[in-house]
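Inspection log for the structure reproduced underneath, given as structure tokens.
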Amino acid sequence: MLTFRKGFKDGVPIALGYLSVAFAFGMLAVEKGLPLWSPVLLSISNFTGTGQFAGIDLISSNAGLWEVVFTILVINIRYMLMSLSLSQRLVRDMPLWQRMVIAFGNTDEIFGVCLQQKEPLTMRYMMGIILCAYSGWNAGTAAGVLAGSALPAMVRTALGIALYAMFIAIIIPPARESRPIMKVIVLSVLLSCVFSYVPGISGLGNGWTIIICGVLSAGLGAYFFPLTMKDEDPLDQKGEVR
Amino acid sequence: MSIGKVLLVISVMALCTYLPRMLPLALFRRKIKNQYISSLLCYLPYGILAAMVFPDIFSSTASIISGIAGTAIALLLAYRKRGLLPVAVSACVTVFLTERLLELAGIL
């Protein structure tokens with residue numbers, strides 16, 4: 001059963017990862033000369049990594065409002081794809097207000113962990129995982145603001161890889177079971193490297209690159225390896241992946 | 001930036017983060033029946049997460065060498081189906097130790 005308790009437990013690794021990232025975020029914001037309350041307010045109201053890091057750059061460079069809108073939207077368009085995917089995994093007949101609450105907590109990491117659940121996602125489960133991760137995110141931010149640069153640099157740089165490693169732990173086990181998923185991942189990685197390293201298109205910006213690579217690789221995957229639909233439930237379909 | 005402007009920017013950011021998360025969840029309330037679209041949605045998370053990790057993971061640490069070492073350990077342990085936390089902690093420890101070695105060797 002996907003209970004609150006199970007959700008909270010699944011949220012613990014995320015919260016731990018968030019502690020360090022949010023800590024770095026809080027420190028960086030203070031370093032850039034933002035008022036002390038602003039990183040905390042950003043974490044409470046935004047609850048997103050990449051967007052908030054971009055945000056402190058925008059604030060410290062005194063960016064215009066449209067620049068803020070455009071930059072943050074481009075970074076966050078991937079959330080539309082994740083929310084669309086998540087909408088297919090929720091229990092049926094979940095009321096609109098519950099969907100709107102869950103939407104606030106649909107971060108990359110929470111989405112990734114939800115992906116691992118075989119059953120449809122319940123409101124209780126989502127509340128557990130979101131509250132746990134959200135606590136870690138805000139506690140980390142506050143600690144980062146307070147501590148300044150107390151944490152030695154050698155520990156900080158080692159923590160930089162934590163969330164990436166978590167994503168690897170999310171996508172590799174299913175790829176082992178399913179060749180199409182493996183091919184989608186390999187294709188996406190290759191595309192992403194092309195976009196990062198080939199001169200000319202490498203200036204496109206991270207937000208767009210992720211969307212293009214994700215949609216292109218999944219689109220080709222769906223074209224060449226369509227899932228057979230025994231059941232309408234995409235969770236059951238996953239079992240049908242060759 | 002004035003306090004008022006900072007508050008305005010933070011509010012605008014919150015809106016630009018919440019709307020992309022909320023609209024698809026609020027609008028797509030039924031199961032998608034189309035085979036191509038539902039296959040696409042099944043593969044999409046893997047494509048997106050993979051593009052987010054690579055190649056950025058290599059530059060997420062103090063040196064590309066420690067980044068590659070941490071990535072290799074993460075891939076190996078994930079392939080052996082270890083949990084999120086063991087994989088993340090092992091990658092961090094690997095990076096930490098590699099960077100100390102690089103310091104000793106005078107590379108970092």
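Going by the structure tokens order, chains are called A, B, ..., each with residues numbered from 1, while ligands are numbered from 1 in the order shown.
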
Would you give me, as CSV, each residue of chain A having an atom within 6 Å of an atom of chain B, along with its shortest atom pair and that distance in Å to one decimal, using only C-alpha atoms and sorting by chain and residue number?
residue,atom,partner,partner_atom,distance
A:Pro13,CA,B:Leu85,CA,5.5
A:Ser45,CA,B:Ala14,CA,5.7
A:Asn46,CA,B:Ala14,CA,4.7
A:Asn62,CA,B:Met1,CA,5.9
A:Leu73,CA,B:Cys16,CA,5.6
A:Tyr79,CA,B:Arg21,CA,5.3
A:Met80,CA,B:Pro20,CA,4.9
A:Ser83,CA,B:Arg21,CA,5.6
A:Leu84,CA,B:Pro24,CA,5.1
A:Ser85,CA,B:Leu41,CA,5.6
A:Ser87,CA,B:Leu25,CA,5.2
A:Gln88,CA,B:Lys31,CA,5.9
A:Met100,CA,B:Met22,CA,5.8
A:Ala103,CA,B:Met22,CA,4.8
A:Phe104,CA,B:Tyr18,CA,5.9
A:Thr157,CA,B:Thr61,CA,5.0
A:Ala158,CA,B:Cys92,CA,5.1
A:Leu159,CA,B:Cys92,CA,5.6
A:Gly160,CA,B:Ser60,CA,5.3
A:Ile161,CA,B:Ser60,CA,5.6
A:Ala162,CA,B:Ala88,CA,4.9
A:Tyr164,CA,B:Val53,CA,5.6
A:Ala165,CA,B:Ala88,CA,5.0
A:Met166,CA,B:Leu84,CA,5.2
A:Ala169,CA,B:Ala78,CA,4.6
A:Ile172,CA,B:Ala78,CA,5.9
A:Pro173,CA,B:Lys81,CA,5.7
A:Val184,CA,B:Gly47,CA,5.9
A:Ile185,CA,B:Gly47,CA,5.4
A:Ser188,CA,B:Gly47,CA,5.4
A:Val189,CA,B:Ala51,CA,5.4
A:Ser192,CA,B:Ala51,CA,5.4
A:Cys193,CA,B:Pro55,CA,5.8
A:Ile210,CA,B:Ala51,CA,5.5
A:Gly214,CA,B:Gly47,CA,4.2
A:Ser217,CA,B:Gly47,CA,5.9
A:Ala218,CA,B:Leu44,CA,4.9
A:Gly219,CA,B:Leu40,CA,5.6
A:Ala222,CA,B:Leu40,CA,5.0
A:Pro226,CA,B:Ser39,CA,5.7
A:Leu227,CA,B:Ser39,CA,5.6

Could you list, with a cut-off of 12 Å and counting only C-alpha atoms, the residues of region 112-200 of chain A near region 22-44 of chain A, each shown with its nearest atom pair and the distance in Å rounded to one decimal, rows sorted by chain and ascending number, as JSON lines?
{"residue": "A:Leu131", "atom": "CA", "partner": "A:Ile44", "partner_atom": "CA", "distance": 11.8}
{"residue": "A:Ala133", "atom": "CA", "partner": "A:Ala22", "partner_atom": "CA", "distance": 11.1}
{"residue": "A:Tyr134", "atom": "CA", "partner": "A:Ile44", "partner_atom": "CA", "distance": 8.2}
{"residue": "A:Ser135", "atom": "CA", "partner": "A:Ile44", "partner_atom": "CA", "distance": 9.5}
{"residue": "A:Gly136", "atom": "CA", "partner": "A:Ala22", "partner_atom": "CA", "distance": 8.2}
{"residue": "A:Trp137", "atom": "CA", "partner": "A:Ala22", "partner_atom": "CA", "distance": 5.6}
{"residue": "A:Asn138", "atom": "CA", "partner": "A:Ser43", "partner_atom": "CA", "distance": 6.0}
{"residue": "A:Ala139", "atom": "CA", "partner": "A:Ala22", "partner_atom": "CA", "distance": 8.0}
{"residue": "A:Gly140", "atom": "CA", "partner": "A:Phe23", "partner_atom": "CA", "distance": 4.5}
{"residue": "A:Thr141", "atom": "CA", "partner": "A:Ala22", "partner_atom": "CA", "distance": 4.6}
{"residue": "A:Ala142", "atom": "CA", "partner": "A:Val40", "partner_atom": "CA", "distance": 6.1}
{"residue": "A:Ala143", "atom": "CA", "partner": "A:Phe23", "partner_atom": "CA", "distance": 6.1}
{"residue": "A:Gly144", "atom": "CA", "partner": "A:Phe23", "partner_atom": "CA", "distance": 4.0}
{"residue": "A:Val145", "atom": "CA", "partner": "A:Gly26", "partner_atom": "CA", "distance": 4.6}
{"residue": "A:Leu146", "atom": "CA", "partner": "A:Met27", "partner_atom": "CA", "distance": 8.0}
{"residue": "A:Ala147", "atom": "CA", "partner": "A:Met27", "partner_atom": "CA", "distance": 7.4}
{"residue": "A:Gly148", "atom": "CA", "partner": "A:Met27", "partner_atom": "CA", "distance": 5.1}
{"residue": "A:Ser149", "atom": "CA", "partner": "A:Met27", "partner_atom": "CA", "distance": 6.3}
{"residue": "A:Ala150", "atom": "CA", "partner": "A:Met27", "partner_atom": "CA", "distance": 9.2}
{"residue": "A:Leu151", "atom": "CA", "partner": "A:Ala24", "partner_atom": "CA", "distance": 9.4}
{"residue": "A:Pro152", "atom": "CA", "partner": "A:Ala24", "partner_atom": "CA", "distance": 11.5}
{"residue": "A:Ala153", "atom": "CA", "partner": "A:Ala24", "partner_atom": "CA", "distance": 10.5}
{"residue": "A:Val155", "atom": "CA", "partner": "A:Ala24", "partner_atom": "CA", "distance": 11.1}
{"residue": "A:Arg156", "atom": "CA", "partner": "A:Ala24", "partner_atom": "CA", "distance": 7.6}
{"residue": "A:Thr157", "atom": "CA", "partner": "A:Ala24", "partner_atom": "CA", "distance": 9.9}
{"residue": "A:Ala158", "atom": "CA", "partner": "A:Ala24", "partner_atom": "CA", "distance": 11.9}
{"residue": "A:Leu159", "atom": "CA", "partner": "A:Ala24", "partner_atom": "CA", "distance": 9.4}
{"residue": "A:Gly160", "atom": "CA", "partner": "A:Ala24", "partner_atom": "CA", "distance": 9.1}
{"residue": "A:Leu163", "atom": "CA", "partner": "A:Ala22", "partner_atom": "CA", "distance": 11.5}

Legend entry - Closest of A:Pro120, A:Val69, A:Ser61, A:Ala15 to Leu86 (chain A) - atom-to-atom distances counting only C-alpha atoms: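 Closest residue, counting only C-alpha atoms: A:Pro120.
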
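Here CA of Glu67 (chain A) stands at a distance of 19.8 Å from CA of Ile211 (chain A).
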
Inset, instruction - Show which residues sit within 10 Å of Arg5 (chain A), as number ranges by chain. Count only C-alpha atoms, and ignore same-chain residues fewer than 4 positions away. - result: A: 1, 9-11, 124-125, 127-129

File of the preceding selection, C-alpha atoms, as a PDB file, in the first residue's frame:
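Produced file again.pdb, reproduced below:
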ATOM      1  CA  MET A   1       0.000   0.000   0.000  1.00  0.00           C
ATOM      2  CA  LYS A   9      10.347   6.876   4.105  1.00  0.00           C
ATOM      3  CA  ASP A  10      10.926   7.078   0.344  1.00  0.00           C
ATOM      4  CA  GLY A  11      11.459  10.809   0.795  1.00  0.00           C
ATOM      5  CA  ARG A 124      -1.215  10.109   1.205  1.00  0.00           C
ATOM      6  CA  TYR A 125       1.928   8.711  -0.390  1.00  0.00           C
ATOM      7  CA  MET A 127       2.040  14.017   0.872  1.00  0.00           C
ATOM      8  CA  GLY A 128       4.552  11.872   2.758  1.00  0.00           C
ATOM      9  CA  ILE A 129       7.279  12.106   0.152  1.00  0.00           C
TER      10      ILE A 129
END

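Interatomic distance, CA of Ala63 (chain A) against CA of Arg78 (chain A): 23.0 Å.
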
Inset, instruction - Might you pull out every residue within 9 Å of Gly55 (chain A), with only C-alpha atoms counted and same-chain residues fewer than 2 positions away left off, and present them as a list in words? - result: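 Neighbouring residues, sequence-local ones excluded: Leu42, Thr50, Gly51, Gln52, Phe53, Asp57, Leu58, Ile59, Ser60, Val68, Thr71 and Ile72 of chain A; Val9, Ile10 and Met13 of chain B.
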
Legend entry - Point-to-point distance in Å for CA of Ile75 (chain A) and CA of Ala54 (chain A):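 Taking CA of Ala54 (chain A) as the start and CA of Ile75 (chain A) as the end point, the length is 8.8 Å.
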